[in-house]
Structures are given as C-alpha cells and as structure tokens.
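> A single structure is presented below for examination.
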Amino acid sequence: MTPQEIHDNLKAKFGDAILEAKMDALQPWIRIAPDAIREVAAFLHDEEAFRFDYLMCLSGVDYNDGNLGVVYHLFSMKHKHKILLRVNCTKENPHIPSVASVWASANWHEREAYDLFGIVFDGHPDLRRILLPYDWEGYPLRKDYKVPEFYNGMKVPY
Amino acid sequence: MTENKTLPTEYVTNPDEIKTSIGKTLRTDEMIINMGPQHPSTHGVLRLEVVLDGEIIVDVIPHIGYLHRCFEKHSEHMTNYQQVIPYADRMDYLASMCNDWGYALAVERMLKIEVPERVEYIRVIMAELQRIASHLIAIGTYGIDLGAFTPFLWCFRDRERILDLFEMTCGARLLYNYIWVGGVSHDLPPKFVERAKDFCTYFRPKIKELNDLLSFNEIFIKRTANIGVLPADVAINYGCSGPMLRGSGVNWDLRRDDPYGIYDKLEWEVRVGKGEMGTIGDCWDRYMVRVREMEQSVNLIEQALDKLPEGNVQAAIPKRIRPEVGEMYVRTESPRGELGFYIISDGSTSPYRVKARSPAFVNLSVLPEISRGAMIGDLVAIVGSVDIVLGEVDR
C-alpha cells in the first residue's frame, strides 16, 4: 500500500485526528494528534490490510520551537510497506500516550525518549531512565540543555 | 549480594506455602541476585537483576547505560557530517565497518548521490569480512560461556587473519574510519585481493572444524537446545532482527529484502533456524544461524573479489556536506541485525539530530521474555545467544 493510500484510509477512519501529511518528502510522513496515537497505532497494527507489525524505530526529537516530537517508523513484515508517523507535544506539557501495548519494542525506545528528552509516555508499564543514571537531572538531548556543574557532589568535567 | 523485596503479585509463581510433615508451614521467598555489571558472561558492563524462585528465574530486569558515551549528543555537536563516522565506529566496536556503512549510506541517501561501483564492491567485501569477524567472537565467547575453551582460541586465531586484512587496508585493527560518505578513505592496497582470496580458501574448512568441535558437540547441544525459545511472533513484536529473528525461523534479511549496495547482484542465501536440535528459536538455532551466515559471507566475499571493477573510490561530493532540509531513516544489516540511522538535517553542515537504532539494544529488550521460567544456569546461555555488544546497547 502506498503512503498516500495509507493516509487516505486513516483520514477516512480517524478524520480530524490526522493533522497533517507530507507525501513529497524524502520519506512521506503523517502527523497524528497526540490523543489518538494509541488508537491509530493499534488500528495500523491489527488491521489485516495494513498489518504494521514491526516498529523499526521510535525517536524523540526537539524541534527547538517549544515543541518536542516523537517519530515512529513502522514496517509491515507481511505487506512490506513502510510509513512514518509523527506526534508533537509542547515542552511545558510533554505527554504522549504510550504504544508499548501495541509493539513491545516501544517499551525501551520510549524509556530512551523519556530519558533523553523528558517526554512522558502515559500508560507506559515501566517508565524509568534507561541510559543515564536513575538520579540524573535534566534531559540532555533537549536543545536548551545545560550540563549540570555537579552530580552527587562530584564536579562534572566538560 | 542478596536482598528480599516485595514483588508485584503477577511475579509470584506459587503461594509459597509448603506444608511439612509436622504441620508447620514454611514460607519460601524470592531471592534477588545481581548478575554483573562485572561478570564474565554478560559480555561487557550489563547488570541483570535476576529474581529467583529457588533455581528458577521468575524475572530478569536488565540495567544498562554503564557504557553510555552520548553518541547522539556528540553527533549534534560535530562541525560536519564526516566527523560523526569515528563515533559511529565506536558504537559496535566488533563491527565498525558495518556501522560506518550504515551512517554513510544514510547521509548519501539524503544527498541523493550514487557512489562509484568499485566502492560498492569494496564495501561489501569489508562488511562481510567484518560479519565473519564479529560472528567468530560471538561463537567463540558463546563457547566459553558454556565451558568450551578451545573453540574460543580457534575463533580468535581466524579472526586475527581478518584483522590483518583490515590493518593492511586502513592501518587500524578495530576502529577503522574507512567507509566515508561518498566512498572509502582510500583504495585497497596492492595484494589485498590475493590475500583476501587466500583467507577465503583458508577459512572455509575451518567452519567444518568448528562444527565438529562445537556445533554438534553433545554437551553443547544439551546446553542450548530447547533453551530460551523465542517464537517468531514475539520476536517481531519485540523488534528483534538479524540472527535473533532468523533463528526464530523468520526468513528475513535486509541485505535481500531492503537491498542496499550490490547485494542484489550477488548469489547467496538467507539461513534461518529450523529447530534441528529442539524447538525453532532456541539458543542452538540462533547460534547455528551465525555459523551458517559465515559460510554465506565467504561466498559473498569471493564473488565480490572476482567481480571487483576498477575505478574511483570517492564520489564527487562537495567539500562541505549540506543535505537539504529533511530527514532520512536508513537501515542496514549489521552482524547483530537491523542497524538504523535516523538523521534530521536542518540544512547546515552538521546533523540536527542523529538517532541510532542499534540492533543489540532492541534484541536485549526481549531477554526478560525468553528467560522467565528458565533455570539460573541457562541464563548465561540465553544472554550469550542474544549476542549483545554493550557499546552498541548503550551508545
């Protein structure tokens, strides 16, 4: 199925929750409203015509305009088609529903996005830091991140 | 070090009440044991928090990040795209060539450039040599984990020959910085083709020796067959890739199914687990997929060496690389599985964001799923069969 067909199908099913799409980009993408992402994900995963059973990658992004984003790269082992979904949230209220119940691989990817960007995934089974120490403060991959001077009383060399 | 801890009820396997002959009740508690971060069988600095009921594993909680070197943060702070490559080298330090290729390919696709044909062949030769070297480590250390010491020495002896080839190509034995955006850093040295062909002739019989010594060894089979079974649907749901996924019987290889380079011009086959010694997707299957992939890699190298064309080893690319505004996710098949690079460009000379989707990170996340219910002694076998490189898990 082409990205355009996937978009049209999603638009027919979810209507206003499909905010935006760009089909002439290097890799076509569809932007989803944050509240609807779990339903859209479950729909794409379960529906036989799509069967997006493989989450290739889930990345957090800081767009440096007050918005954080999550990018989902989906792939179907059955139909061999790909699609890229994106969801944005504001830095003040970084909440996005978790899709770990749809793809188990999202579990660690979401923990990583939480760890490095501070995006809170609502409904995640085990949202802890994963790469940084559990008591680290701040979210290093945000563009406005300042390296703390001290960590547990130790000077951070930088 | 052990400690007692109240567990969520779903982890408790039985009500723990055992009636003794004199009518008293004995309570058994779960025990929590730390395996690692300094443990010879965790292949680096990985800490596993193992919840045990007697000798049976109730749950495993991996704690990672001990080797986090901020690859993604560093990438954003580079002054140009080429500078990221030495950092990519250090992600999966057993398969640096494949990391370089994955990153270079992503940038090339953003720039929409084609590399010269000779480069494509050199890259395939390097990546397949690297795959053999990486699998040799995986197999050798797996033998050691299970008490077989000799195969380890044999594997390292053969790997040494590959490292010699890399050394004569680019001077480095572990971290090469050889595959660059738009080509490779310099051409193959004289006599490389003959030396590489010699290696293929030398190595092919060694695989059979390895099989006789380890793969079909009765003790080894007893330790690995029917252990850590990973069904295909679980593997896909957890995003497993590479030998993990193929060991579960899924006929899937990015070199064939999402082709890059010149893999579609060469003759080779994808090897999958068939459950010969036990169940499909057990540790032995995952192990055996790696052994059989080495045979296929030798085939690929021989063909690429025979067809190696003359020509340039660098495409004409601008001195300062500036991809247009946009983003690209490119995945390649590293020895451990799907290595993806997601790069966002803001039109400047350095990447705005680089996310590395490392196969070992994703493969490791399935460990709790396949370890529950196994015996504590088998945990080493299961961890070894996942073939993690902590440099890549933690980035």
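By order in the structure tokens, chains are A, B, ...; within a chain, residues start at 1; ligands start at 1, following the order shown.
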Pick out the residues sitting within 6 Å of Ile30 in chain A, and hand them over as a short mmCIF file (atom, residue, chain, number, x, y, z; two decimals) with N, CA and C atoms, in the first residue's frame; count only C-alpha atoms, and ignore anything fewer than 6 positions along from it in its own chain.

data_model
loop_
_atom_site.label_atom_id
_atom_site.label_comp_id
_atom_site.auth_asym_id
_atom_site.auth_seq_id
_atom_site.Cartn_x
_atom_site.Cartn_y
_atom_site.Cartn_z
N GLU A 20 -1.90 16.35 9.61
CA GLU A 20 -1.08 16.88 8.53
C GLU A 20 -0.37 15.72 7.86
N ALA A 21 -0.03 15.89 6.60
CA ALA A 21 0.75 14.84 5.93
C ALA A 21 1.60 15.48 4.86
N LEU A 85 5.05 7.93 11.16
CA LEU A 85 4.08 8.72 11.90
C LEU A 85 4.82 9.69 12.80
#
> How would you write, as a ChimeraX atom specification, the set of residues in chain A that DSSP gives as helix (DSSP H, G or I)?
/A:3-17,34-46,106-117
> For the structure I just gave you, how does DSSP split range 22-64 of chain B - specifically, which residues are strand (DSSP E or B)? Reply as a PyMOL selection string.
chain B and resi 25-27+31-35+39+44+47-53+56-63
> Would you mind listing what lies within 10 Å of Asp258 in chain B as a list of chain:residue names, with only C-alpha atoms counted and same-chain residues fewer than 5 positions away left out?
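Neighbouring residues, sequence-local ones excluded: A:Lys80, B:Trp252, B:Asp253, B:Tyr263, B:Asp264, B:Val330, B:Arg331, B:Thr332, B:Glu333.
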> Generate a file of the selected residues that holds N, CA and C atoms, formatted as an mmCIF file, in the first residue's frame.

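Dumped everything to result_12.cif:
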data_model
loop_
_atom_site.group_PDB
_atom_site.id
_atom_site.type_symbol
_atom_site.label_atom_id
_atom_site.label_comp_id
_atom_site.auth_asym_id
_atom_site.auth_seq_id
_atom_site.Cartn_x
_atom_site.Cartn_y
_atom_site.Cartn_z
ATOM 1 N N LYS A 80 5.232 -5.579 3.426
ATOM 2 C CA LYS A 80 6.485 -4.911 3.070
ATOM 3 C C LYS A 80 6.307 -3.421 2.787
ATOM 4 N N TRP B 252 14.194 -13.498 6.815
ATOM 5 C CA TRP B 252 14.237 -12.046 6.722
ATOM 6 C C TRP B 252 15.670 -11.574 6.822
ATOM 7 N N ASP B 253 16.109 -10.871 5.798
ATOM 8 C CA ASP B 253 17.456 -10.314 5.822
ATOM 9 C C ASP B 253 17.426 -9.022 5.027
ATOM 10 N N TYR B 263 24.185 -6.086 -3.019
ATOM 11 C CA TYR B 263 23.841 -7.440 -2.578
ATOM 12 C C TYR B 263 22.898 -8.125 -3.552
ATOM 13 N N ASP B 264 22.057 -7.332 -4.263
ATOM 14 C CA ASP B 264 21.114 -7.973 -5.176
ATOM 15 C C ASP B 264 21.809 -8.513 -6.429
ATOM 16 N N VAL B 330 17.555 5.105 7.467
ATOM 17 C CA VAL B 330 18.122 4.065 6.622
ATOM 18 C C VAL B 330 18.534 2.909 7.513
ATOM 19 N N ARG B 331 18.194 1.703 7.093
ATOM 20 C CA ARG B 331 18.574 0.544 7.898
ATOM 21 C C ARG B 331 19.457 -0.378 7.083
ATOM 22 N N THR B 332 20.415 -0.936 7.755
ATOM 23 C CA THR B 332 21.308 -1.888 7.109
ATOM 24 C C THR B 332 21.417 -3.110 8.013
ATOM 25 N N GLU B 333 21.919 -4.183 7.435
ATOM 26 C CA GLU B 333 22.037 -5.420 8.199
ATOM 27 C C GLU B 333 23.436 -5.488 8.796
#
> Residues of chain B within 7 Å of chain A, counting only C-alpha atoms - could you list those as a PDB file with C-alpha atoms, in the first residue's frame?

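As a result, part03.pdb now contains:
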ATOM      1  CA  ILE B  64      22.039  -0.790  31.011  1.00  0.00           C
ATOM      2  CA  GLY B  65      23.788   2.507  30.417  1.00  0.00           C
ATOM      3  CA  HIS B  68      26.743   5.398  27.580  1.00  0.00           C
ATOM      4  CA  LYS B  73      24.663  14.299  21.640  1.00  0.00           C
ATOM      5  CA  ILE B 236       8.670  -9.476  15.536  1.00  0.00           C
ATOM      6  CA  ASN B 237       6.658  -7.740  18.247  1.00  0.00           C
ATOM      7  CA  TYR B 238       9.851  -7.037  20.185  1.00  0.00           C
ATOM      8  CA  GLY B 239      11.531  -5.716  17.055  1.00  0.00           C
ATOM      9  CA  GLY B 326      14.666  16.847   5.609  1.00  0.00           C
ATOM     10  CA  GLU B 327      15.081  13.553   7.331  1.00  0.00           C
ATOM     11  CA  MET B 328      16.030  10.022   6.486  1.00  0.00           C
ATOM     12  CA  LYS B 355      19.291   8.626  16.289  1.00  0.00           C
ATOM     13  CA  ARG B 357      18.609   2.343  16.300  1.00  0.00           C
ATOM     14  CA  VAL B 362      16.355  -3.854  20.789  1.00  0.00           C
ATOM     15  CA  SER B 365      14.862  -5.964  25.433  1.00  0.00           C
ATOM     16  CA  ASP B 394      24.426   1.985  25.470  1.00  0.00           C
TER      17      ASP B 394
END
> For Ile37 in chain A, which residue among A:Lys146, A:Lys155, A:Arg86, A:Arg128 is the nearest when counting only C-alpha atoms?
A:Arg86
> List as JSON, numbers by chain the protein and nucleic acid residues near Arg157 in chain B, meaning an atom at most 12 Å away when only C-alpha atoms are counted, but skip any in the same chain fewer than 3 places from it.
{"B": [133, 136, 137, 140, 150, 151, 152, 153, 154, 160, 161, 162, 163, 164, 202, 203, 206]}
> Can you spit out the residues from that selection as a PDB file, in the first residue's frame, using N, CA and C atoms?

ATOM      1  N   ALA B 133      34.199 -11.762  11.231  1.00  0.00           N
ATOM      2  CA  ALA B 133      34.972 -11.472  12.445  1.00  0.00           C
ATOM      3  C   ALA B 133      34.051 -11.346  13.655  1.00  0.00           C
ATOM      4  N   LEU B 136      32.604 -14.663  14.638  1.00  0.00           N
ATOM      5  CA  LEU B 136      33.611 -15.517  15.278  1.00  0.00           C
ATOM      6  C   LEU B 136      33.703 -15.186  16.760  1.00  0.00           C
ATOM      7  N   ILE B 137      33.636 -13.903  17.076  1.00  0.00           N
ATOM      8  CA  ILE B 137      33.660 -13.527  18.504  1.00  0.00           C
ATOM      9  C   ILE B 137      32.415 -14.039  19.197  1.00  0.00           C
ATOM     10  N   GLY B 140      32.843 -17.801  19.555  1.00  0.00           N
ATOM     11  CA  GLY B 140      33.918 -18.159  20.468  1.00  0.00           C
ATOM     12  C   GLY B 140      33.560 -17.874  21.914  1.00  0.00           C
ATOM     13  N   THR B 150      38.418 -24.334  23.891  1.00  0.00           N
ATOM     14  CA  THR B 150      39.199 -24.431  22.653  1.00  0.00           C
ATOM     15  C   THR B 150      38.588 -23.659  21.487  1.00  0.00           C
ATOM     16  N   PRO B 151      37.275 -23.773  21.221  1.00  0.00           N
ATOM     17  CA  PRO B 151      36.729 -23.045  20.072  1.00  0.00           C
ATOM     18  C   PRO B 151      37.018 -21.556  20.136  1.00  0.00           C
ATOM     19  N   PHE B 152      37.065 -21.028  21.347  1.00  0.00           N
ATOM     20  CA  PHE B 152      37.353 -19.610  21.525  1.00  0.00           C
ATOM     21  C   PHE B 152      38.711 -19.264  20.917  1.00  0.00           C
ATOM     22  N   LEU B 153      39.714 -20.100  21.212  1.00  0.00           N
ATOM     23  CA  LEU B 153      41.058 -19.831  20.687  1.00  0.00           C
ATOM     24  C   LEU B 153      41.078 -19.989  19.176  1.00  0.00           C
ATOM     25  N   TRP B 154      40.365 -20.997  18.674  1.00  0.00           N
ATOM     26  CA  TRP B 154      40.329 -21.202  17.225  1.00  0.00           C
ATOM     27  C   TRP B 154      39.678 -20.002  16.539  1.00  0.00           C
ATOM     28  N   GLU B 160      41.972 -13.140  13.714  1.00  0.00           N
ATOM     29  CA  GLU B 160      43.220 -12.390  13.593  1.00  0.00           C
ATOM     30  C   GLU B 160      43.575 -12.168  12.122  1.00  0.00           C
ATOM     31  N   ARG B 161      43.306 -13.157  11.287  1.00  0.00           N
ATOM     32  CA  ARG B 161      43.630 -13.015   9.855  1.00  0.00           C
ATOM     33  C   ARG B 161      42.789 -11.914   9.222  1.00  0.00           C
ATOM     34  N   ILE B 162      41.525 -11.823   9.661  1.00  0.00           N
ATOM     35  CA  ILE B 162      40.675 -10.764   9.113  1.00  0.00           C
ATOM     36  C   ILE B 162      41.192  -9.415   9.571  1.00  0.00           C
ATOM     37  N   LEU B 163      41.566  -9.332  10.845  1.00  0.00           N
ATOM     38  CA  LEU B 163      42.079  -8.054  11.341  1.00  0.00           C
ATOM     39  C   LEU B 163      43.352  -7.660  10.603  1.00  0.00           C
ATOM     40  N   ASP B 164      44.176  -8.660  10.225  1.00  0.00           N
ATOM     41  CA  ASP B 164      45.364  -8.349   9.430  1.00  0.00           C
ATOM     42  C   ASP B 164      44.967  -7.720   8.096  1.00  0.00           C
ATOM     43  N   TYR B 202      41.339 -20.480   3.057  1.00  0.00           N
ATOM     44  CA  TYR B 202      41.769 -20.969   4.362  1.00  0.00           C
ATOM     45  C   TYR B 202      40.577 -21.182   5.291  1.00  0.00           C
ATOM     46  N   PHE B 203      39.606 -20.263   5.198  1.00  0.00           N
ATOM     47  CA  PHE B 203      38.581 -20.231   6.237  1.00  0.00           C
ATOM     48  C   PHE B 203      37.477 -21.265   6.027  1.00  0.00           C
ATOM     49  N   LYS B 206      37.652 -24.333   7.950  1.00  0.00           N
ATOM     50  CA  LYS B 206      37.636 -24.081   9.397  1.00  0.00           C
ATOM     51  C   LYS B 206      36.211 -24.098   9.949  1.00  0.00           C
TER      52      LYS B 206
END
> Take CA of Ala41 in chain A and CA of Ile18 in chain A and report the distance between them in Å, one decimal.
12.3 Å
> Looking at A:Arg111, A:His124, A:His95, A:His7, which one is nearest to Leu44 in chain A, with distances taken over only C-alpha atoms?
A:His7
> Measuring atom to atom with only C-alpha atoms, identify which of B:Asp100, B:Arg246, B:Tyr329, B:Cys200 is nearest to Trp29 in chain A.
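So, comparing all the options, the nearest one is B:Tyr329.
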> Which polymer residues have any atom within 6 Å of an atom of Asn80 in chain B, counting only C-alpha atoms, with same-chain residues fewer than 2 positions away left out, as a PDB file with C-alpha atoms, in the first residue's frame?

ATOM      1  CA  MET B  78      30.124  17.976  15.193  1.00  0.00           C
ATOM      2  CA  GLN B  82      32.064  13.164   8.179  1.00  0.00           C
ATOM      3  CA  GLN B  83      33.162  13.765  11.757  1.00  0.00           C
ATOM      4  CA  THR B 349      26.810  21.413   7.815  1.00  0.00           C
ATOM      5  CA  SER B 350      26.178  19.317  10.893  1.00  0.00           C
TER       6      SER B 350
END
